[in-house]
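Peer 1: I'd like to ask some things about the structure below.
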Amino acid sequence: MTAARTVALSLDDITVTTRSGDSIVQNVSIDIPAGSIVGIVGESGAGKSTVALSTLGYEQAGTAISSGRMHLGDREVTFPAKAFVSDIRGKRIAYVPQEPAVSLNPSTRVAASLISMRRLHGMDADISYIRQILRSVHLPSDPGFLRRYPHQLSGGQQQRLCLALGLACEPEVLVLDEITTGLDVVTQEAILDEVRRLATERQIGVIYITHDLAVVAELADRLVVMYAGEIVESGPTSEVIRRPAHPYTKALIEAAPSHRRPSRVRPLDGIVPAIDARPSGCFFAPRCPLATEICRTEHPELGDLSDKHSVRCFHTEKVEPVLEPQLRETGILVEDPKVLLAIDELTASHKTKNGRLTVAESISLQITEGECVALVGESGSGKTTIARSIIGLHTFDSGTVSLGGEPINPAVRSRTRDQRRRMQFIFQNPRGSLNPKQTIQEIVTRPLTQLRGLGRVDAEREFFSLLDEVRLPTSTAGKLPRELSGGERQRIGIARALAAQPDLLICDEVTSSLDVSVQAAVLELLRELGRDRGLGMLFITHDLGVVASIAHEVLVLLKGRICERGSVSDVLSKPSHDYTKSLLFSAPSLQRAADRIGILKGDEDEDRTRTI
Amino acid sequence: MIKWIGRQLSAGGVSLILLLLLIALVIFGPLIAPYSPTESAGVPLSRPSGAHLFGTDTLGRDVLSRILLGGQLLLIMSLASTVLTYLIAIPIGMIAAVNKGVVDDILMRGVDVLIALPAMLVLLVVLSAAGSGIPIIIIGTAIVRIPLVSRVTRAATLEVFSSEYVESALTRGERIWSIFIREVMPNIKEAVFSTVGLSFTAAVLIMSSLNFLGVGLQPPSPDWGIMISENRSIFEMNPYAVLVPTLLLAILTVSISGTWDSFERRSGAKRTKTPVVPKVRASAR
Amino acid sequence: MSIQQNQTVSVLIAEEESPGKKDASDAAVMLRYIGIRLFSALLTVFLISVLVFLAISFLGGDSASVLLGREATPEVLSSARQKLGLDRPLYERYFSWVIAFVQGDFGATSASILAGSPTLVRELIAAPLLNSVILATLTFSLTAIVAVWLGQRAGRKPGSRTDRTISSITMALASLPEFVAATLLIFIFFYMLRLLPPVSLVPAGTSPFERPVILVLPVLSLSLGLLAVTARQVRAAVIDVSQLPYVQAARLNGYPEGAVTRSFVMRNSMAPTVQVLALVFIYLFGGVIVIEQVFAYPGIGNLLIRAVTDREVVILQAITMIVAIVSVSLSLVADILVLFLVPKLRTSR
């Protein structure tokens with residue numbers, strides 16, 4: 001912890017290849033200064049976790065760190081390293097994994113795991129140190145807690161314990177791999193605070209890996225943006241967020257929904273190329289609005305804009321400033337809208353070992369034509385059960401669900417065909433909601449014949465027009481779900497729902513498993529469909545940004561009860577319930593990060609912040 | 001030597017060739033058998049000669065002829081019992097998965113009971129109670145395999161049934177049989193069929209053991225298990241009468257499971273080509 | 001999946017728990033678990049007793065007529081039935097059988113009753129049972145040690161040369177019928193090498209340990225198949241555990257490979273291994289029946305086959321029940337062991 005140490009860890013020209021010779025990650029160089037946080041951002045397939053693991057000399061099955069060097073203090077490691085020195089892992093560089101629940105040894109108690117870690121690296125394992133480590137991550141240190149097993153901890157505590165294990169041997173570098181994914185925003189905020197404090201107090205160099213730009217924008221000192229296995233831009237967070245130099249960074253920022261005011265997201269077309277299908281020129285060229293001939297033939301090098309900011313782009317001077325989020329219409333566009341769905345005093349419960357557990361209580365809501373109602377809540381708030389009760393997959397205890405003014409039977413089996421047709425469900429997980437053995441055509445055609453009684457010819461014609469409507473090529477028809485990307489699968493889920501010509505869509509966390517750019521496209525598609533077809537929509541989500549980009553009306557759920565309801569602008573700008581306030585406060589936001597930087601740095605380029 | 005060839009080809013390839021050869025032997029054997037398998041054909045206990053390639057047994061029956069016919073009934077019965085197992089077990093498993101009431105309870109109890117007793121013991125009870133006719137042997141052998149197969153079916157069905165594509169079908173109001181045929185069956189096929197090789201091997205193993213013990217097929221039926229048992233006492237005089245059926249049984253059981261195993265591994269590899277989670281392994285430390 | 005998500009109602013700040021009554025509820029969790037298992041074990045034994053009794057009483061027809069043959073006159077038959085107690089109603093016979101069984105009275109063989117000098121099944125069974133237990137225990141100990149070692153070796157690096165070799169050999173061995181393996185071993189060790197005896201006779205009133213050499217081939221032929229089956233199961237358990245994220249996390253925390261194997265992989269694959277071993281012991285009895293016949297070893301398997309051929313229902317019933325009780329108790333013991341190996345099962349949330 002000497003102040004003289006400036007760079008804690010530096011990666012130099014790291015390349016990781018598969019056995020077949022394709023590179024997963026190529027020529028990555030990153031410096032991590034002591035006491036600062038470097039964020040690595042990218043969508044799935046960017047290679048960010050591979051980079052993180054390579055700092056520990058760890059190679060995933062079928063891959064190898066084929067070249068590069070690493071400096072850790074006075075230590076130099078040249079790859080490929082025959083024997084990676086074990087005193088680095090855990091002792092000098094600590095890794096905190098993504099899913100705490102499955103990353104802790106289930107048969108080791110809290111204290112034992114920390115003691116074993118310290119002993120392993122030849123450090124004093126006195127219980128007083130263990131207590132101190134636990135306290136440093138704000139975990140209890142009483143004997144009862146020390147004796148607990150991982151499954152007896154809450155999700156947040158498990159992640160704190162992982163963090164404590166990482167800190168146990170006082171490392172110089174901490175590698176945090178998506179550590180808050182899956183935690184609710186309030187817990188996430190607390191963990192992020194911890195990270196920030198630890199970095200400064202202990203002068204640890206932190207690598208923070210995430211797909212969520214908003215998280216690192218508020219946390220990191222430097223940002224490294226990765227795309228298809230290489231760094232496309234790296235620089236101080238403030239500069240990268242305020243004035244991105246790479247079109248991909250800009251697109252990523254614009255695609256991220258903001259929960260501060262109702263606004264549209266800007267999707268980015270296309271998908272990240274597969275490892276063995278990367279184009280010969282710039283990897284981003286196929287999706288880039290600025291791409292020219294040179295981008296398609298030559299591969300750009302990482303060039304310096306300043307001594308701190310570098311970018312891999314031929315046309316960086318043409319990259320426009322980030323557009324302010326485009327405000328959107330928050331009123332319902334249908335004239336004199338009829339009420340489609342009315343839910344009155346719905347109460348639902350689950351059977352558990354200790355009797356029935358009520359997960360939703362006295363829920364009342366209405367959805368009219370063309371209206372999107374968002375139901376917001378953390379995992380366990382009962383939102384999914386409400387959705388499933390409405391569609392008829394979960395038998396609720398009391399209350400009524402009325403469709404078009406008529407009460408309908410709780411069980412889907414006992415509803416009429418027309419009732420089933422009028423209400424369609426879109427599932428959370430696009431991988432799980434499509435039968436892996438059926439072709440796309442079979443999947444989408446089924447509701448056409450089943451619910452609308454179309455003949456084969458009509459069904460086929462309608463199928464192709466639906467494909468077009470969700471913007472998928474006709475070649476998709478004969479494919480199996482596994483041949484599609486996540487975003488494409490979710491479009492199929494939407495097409496299947498539309499096939500029934502429903503009045504109402506119930507969307508259960510439909511974008512939570514998608515990358516930001518893909519999420520933006522799906523959100524926009526749904527928003528337009530709702531507008532053009534006058535569909536009513538119940539949108540279940542935990543993400544306030546998603547709410548801001550699609551909903552008209554918002555209901556906030558807390559432990560199975562609605563704690564706040566109102567129009568989207570009111571709830572986002574003038575929350576009344578404490579819970580809503582804490583959600584809004586804890587949710588990371590790019591805009592807030594940018595504003596905060598703006599306040600700190602003054603108004604260098606004022607024009608950027610002006611709404612367009 | 002077999003191992004050396006194995007390395008040259010592949011364990012699966014060799015198994016398949018051996019299995020096909022054996023099946024050919026079982027099919028065409030009876031056609032080329034020189035003597036009746038049950039009638040005396042020469043001097044008892046004669047050594048191998050031109051007239052009797054593998055010699056004769058205590059009753060003067062031609063060992064070669066008995067060997068050529070000795071696998072037929074065993075294979076047919078094993079096949080029949082395996083088919084029966086799946087015909088009964090698959091519906092039971094699927095129904096138990098969906099109807100989590102009485103059917104499931106009864107099934108799980110049945111599994112408990114049958115797991116608590118060795119298959120051989122269950123069969124001895126069944127055979128001594130119902131007599132040792134061919135249908136009884138087939139049914140008995142099927143019964144001891146049913147719990148395992150229906151449990152695999154049940155688990156696979158449960159998994160498919162909790163999937164969102166089945167829920168999607170439910171929200172369309174699809175009939176239960178339509179869900180079984182369209183959604184469930186195609187998706188549990190692999191899990192259920194992965195047990196076929198094991199079930200078939202087990203059927204062969206159990207039936208030949210019953211025959212050997214003298215409680216299955218009865219002498220003078222030509223059967224490899226019976227032959228091993230009845231000719232053990234004349235080993236010194238005519239070792240072929242014991243060794244050849246023993247080796248044939250060994251090759252049969254090993255080649256069945258070898259073939260199935262490699263078949264499984266190959267289709268398994270195809271299935272996991274798009275891995276959900278990359279599997280991690282230690283680095284070159 | 002989505003149902004599960006809703007089952008735990010998350011509290012806004014779910015970080016505090018009341019530590020006070022933790023221990024008490026842990027004990028409750030354990031007792032509940034053991035209680036459920038115990039009940040299920042008793043139920044299983046009860047069901048087996050009913051099934052065995054019914055199977056033999058109904059399907060088996062009339063043991064009196066079987067024993068006396070077709071020529072017996074109706075008068076002789078009915079007096080035989082009376083002697084055997086077959087004229088009483090079924091449930092009465094069941095209960096008297098169960099009550100006697102619980103008291104250790106397994107009845108007498110039908111033939112001996114008719115002959116007028118009852119031979120007690122208990123006495124008939126005692127010596128063979130001991131012999132079989134000796135055979136089974138020796139085999140089990142050998143199998144358990146070697147198979148767990150082999151399975152661990154193979155599972156540690158799936159797909160490696162060691163794994164492929166172990167897997168192919170165990171696959172071949174696992175599919176060999178016991179009597180085929182035994183015949184091959186006899187051929188090698190007796191006819192070719194003249195090293196070991198081909199039969200394992202134990203004169204009445206002596207113990208197999210007086211000539212331990214007779215146990216070698218039976219134990220060996222039983223072990224081969226069993227070992228293979230067990231090793232494959234242990235391998236699968238080890239592979240399952242090795243692929244869990246916490247094993248990767250351990251490596252990333254700097255644990256050397258040996259420690260990862262010991263404290264993470266082996267520790268957590270112990271529970272499935274214990275369960276496999278319990279199943280294996282049960283399976284072992286099936287092999288014992290066959291192997292005793294091959295080697296003419298005087299155990300319960302041998303007795304069982306004689307009982308089946310002689311239609312001695314009482315012996316069959318007694319042996320089946322003893323095996324059932326032993327195997328159900330073994331699974332119960334395994335379940336309780338697992339309870340101690342898996343903290344999640346014995347602690348409250």
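Simple scheme: letters A, B, ... for chains in structure tokens order, numbers from 1 for residues in each chain, numbers from 1 for ligands in the order shown.
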If you run DSSP over the backbone, which residues in stretch 290-380 of chain A end up alpha helix (DSSP H)? Put them as a list of chain:residue names.

Peer 2: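 Selection result, alpha helix (DSSP H) within stretch 290-380 of chain A: A:Glu293, A:Ile294, A:Cys295, A:Arg296, A:Thr297.
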
Peer 1: Would you mind listing, as an MDAnalysis selection string, all residues of chain A that have at least one atom within 8 Å of chain B, where only C-alpha atoms are what counts?

Peer 2: chainID A and resid 57:61 82:84 391:393 412:413 417 420:421 424:425 427 429 432:437 447 450:451 482

Peer 1: For chain C, report every residue with an atom at most 6 Å from chain B (counting only C-alpha atoms), formatted as an NGL selection string.

Peer 2: :C and (44 or 56 or 59-60 or 172 or 175-177 or 180 or 282-283 or 286 or 308 or 324 or 327-328)

Peer 1: With a cut-off of 6 Å and counting only C-alpha atoms, select all residues of chain A in contact with chain C and give the selection as a PyMOL selection string.

Peer 2: chain A and resi 86+89-90+102-105+107+152+380+382

Peer 1: How far is it from atom CA of A:Pro286 to atom CA of A:Ser49, in Å with one decimal?

Peer 2: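 Rounded to one decimal, the two atoms are 24.1 Å apart.
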
Peer 1: I'd like the contact shell of stretch 375-379 of chain A - 7 Å cut-off, only C-alpha atoms, skipping same-chain residues fewer than 3 positions apart - returned as a ChimeraX atom specification.

Peer 2: /A:184,383,539-542,554-558 /C:5

Peer 1: Excluding B:Leu45 and its own-chain neighbours fewer than 6 positions away, which residues fall within 9 Å of it when counting only C-alpha atoms? Please give them as a ChimeraX atom specification.

Peer 2: /B:55-61,234,237-238

Peer 1: Can you spit out the residues from that selection as a PDB file, in the first residue's frame, using N, CA and C atoms?

Peer 2:
ATOM      1  N   GLY B  55     -17.172 -80.697 -31.018  1.00  0.00           N
ATOM      2  CA  GLY B  55     -17.376 -81.893 -30.223  1.00  0.00           C
ATOM      3  C   GLY B  55     -18.830 -82.101 -29.844  1.00  0.00           C
ATOM      4  N   THR B  56     -19.054 -83.015 -28.892  1.00  0.00           N
ATOM      5  CA  THR B  56     -20.414 -83.296 -28.440  1.00  0.00           C
ATOM      6  C   THR B  56     -20.471 -83.182 -26.928  1.00  0.00           C
ATOM      7  N   ASP B  57     -21.703 -83.128 -26.393  1.00  0.00           N
ATOM      8  CA  ASP B  57     -21.844 -83.033 -24.942  1.00  0.00           C
ATOM      9  C   ASP B  57     -22.186 -84.396 -24.337  1.00  0.00           C
ATOM     10  N   THR B  58     -22.556 -84.405 -23.066  1.00  0.00           N
ATOM     11  CA  THR B  58     -22.795 -85.689 -22.374  1.00  0.00           C
ATOM     12  C   THR B  58     -23.867 -86.529 -23.052  1.00  0.00           C
ATOM     13  N   LEU B  59     -24.830 -85.885 -23.710  1.00  0.00           N
ATOM     14  CA  LEU B  59     -25.901 -86.647 -24.352  1.00  0.00           C
ATOM     15  C   LEU B  59     -25.593 -86.903 -25.817  1.00  0.00           C
ATOM     16  N   GLY B  60     -24.374 -86.543 -26.240  1.00  0.00           N
ATOM     17  CA  GLY B  60     -23.990 -86.785 -27.616  1.00  0.00           C
ATOM     18  C   GLY B  60     -24.541 -85.758 -28.590  1.00  0.00           C
ATOM     19  N   ARG B  61     -25.066 -84.614 -28.070  1.00  0.00           N
ATOM     20  CA  ARG B  61     -25.584 -83.580 -28.976  1.00  0.00           C
ATOM     21  C   ARG B  61     -24.436 -82.766 -29.552  1.00  0.00           C
ATOM     22  N   ILE B 234     -18.155 -81.052 -17.746  1.00  0.00           N
ATOM     23  CA  ILE B 234     -17.342 -81.775 -18.733  1.00  0.00           C
ATOM     24  C   ILE B 234     -16.251 -80.876 -19.318  1.00  0.00           C
ATOM     25  N   MET B 237     -13.171 -82.562 -20.548  1.00  0.00           N
ATOM     26  CA  MET B 237     -13.354 -83.391 -21.740  1.00  0.00           C
ATOM     27  C   MET B 237     -13.546 -82.543 -22.990  1.00  0.00           C
ATOM     28  N   ASN B 238     -14.432 -81.537 -22.889  1.00  0.00           N
ATOM     29  CA  ASN B 238     -14.713 -80.714 -24.069  1.00  0.00           C
ATOM     30  C   ASN B 238     -14.869 -79.247 -23.672  1.00  0.00           C
TER      31      ASN B 238
END

Peer 1: Env of B:Thr38: 9 Å cut, atoms = only C-alpha atoms, seq-sep filter 4 positions within chain, self excluded. Answer as a list in words.

Peer 2: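 Here the answer would be Arg61, Asp62, Ser65, Arg66, Pro220, Ser221 and Pro222 of chain B.
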
Peer 1: To test your reading of the structure, identify every residue in stretch 19-248 of chain A that backbone DSSP assigns to strand (DSSP E or B), and report it as a VMD selection string.

Peer 2: chain A and resid 23 to 33 37 to 41 63 to 72 75 to 79 89 93 to 96 173 to 177 205 to 210 222 to 227 230 to 236

Peer 1: Considering only C-alpha atoms, return as a list in words whatever protein or nucleic-acid residues lie within 12 Å of C:Phe95, sequence-local ones (same chain, fewer than 6 positions apart) excluded.

Peer 2: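 With the cut-off at 12 Å, the set is Phe46, Ser49, Val50, Phe53, Arg88, Pro89, Phe101 and Val102 of chain C.
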
Peer 1: Mind dumping the selected residues with N, CA and C atoms as a CSV table (one decimal), in the first residue's frame?

Peer 2:
chain,number,residue,atom,x,y,z
C,46,PHE,N,-43.2,-52.5,4.4
C,46,PHE,CA,-44.6,-53.0,4.5
C,46,PHE,C,-45.1,-53.4,3.2
C,49,SER,N,-43.6,-56.6,2.0
C,49,SER,CA,-44.1,-57.8,2.6
C,49,SER,C,-45.5,-58.2,2.1
C,50,VAL,N,-46.3,-57.2,1.8
C,50,VAL,CA,-47.7,-57.5,1.3
C,50,VAL,C,-47.5,-58.1,-0.1
C,53,PHE,N,-46.1,-61.6,-0.1
C,53,PHE,CA,-47.0,-62.5,0.4
C,53,PHE,C,-48.1,-62.8,-0.6
C,88,ARG,N,-57.0,-71.1,6.3
C,88,ARG,CA,-57.4,-69.8,7.0
C,88,ARG,C,-57.5,-68.7,5.9
C,89,PRO,N,-58.3,-67.6,6.3
C,89,PRO,CA,-58.4,-66.5,5.3
C,89,PRO,C,-57.0,-65.8,5.1
C,101,PHE,N,-42.8,-63.3,11.9
C,101,PHE,CA,-41.6,-62.8,11.3
C,101,PHE,C,-40.9,-61.8,12.2
C,102,VAL,N,-41.7,-60.9,12.8
C,102,VAL,CA,-41.1,-59.9,13.6
C,102,VAL,C,-40.5,-60.5,14.8
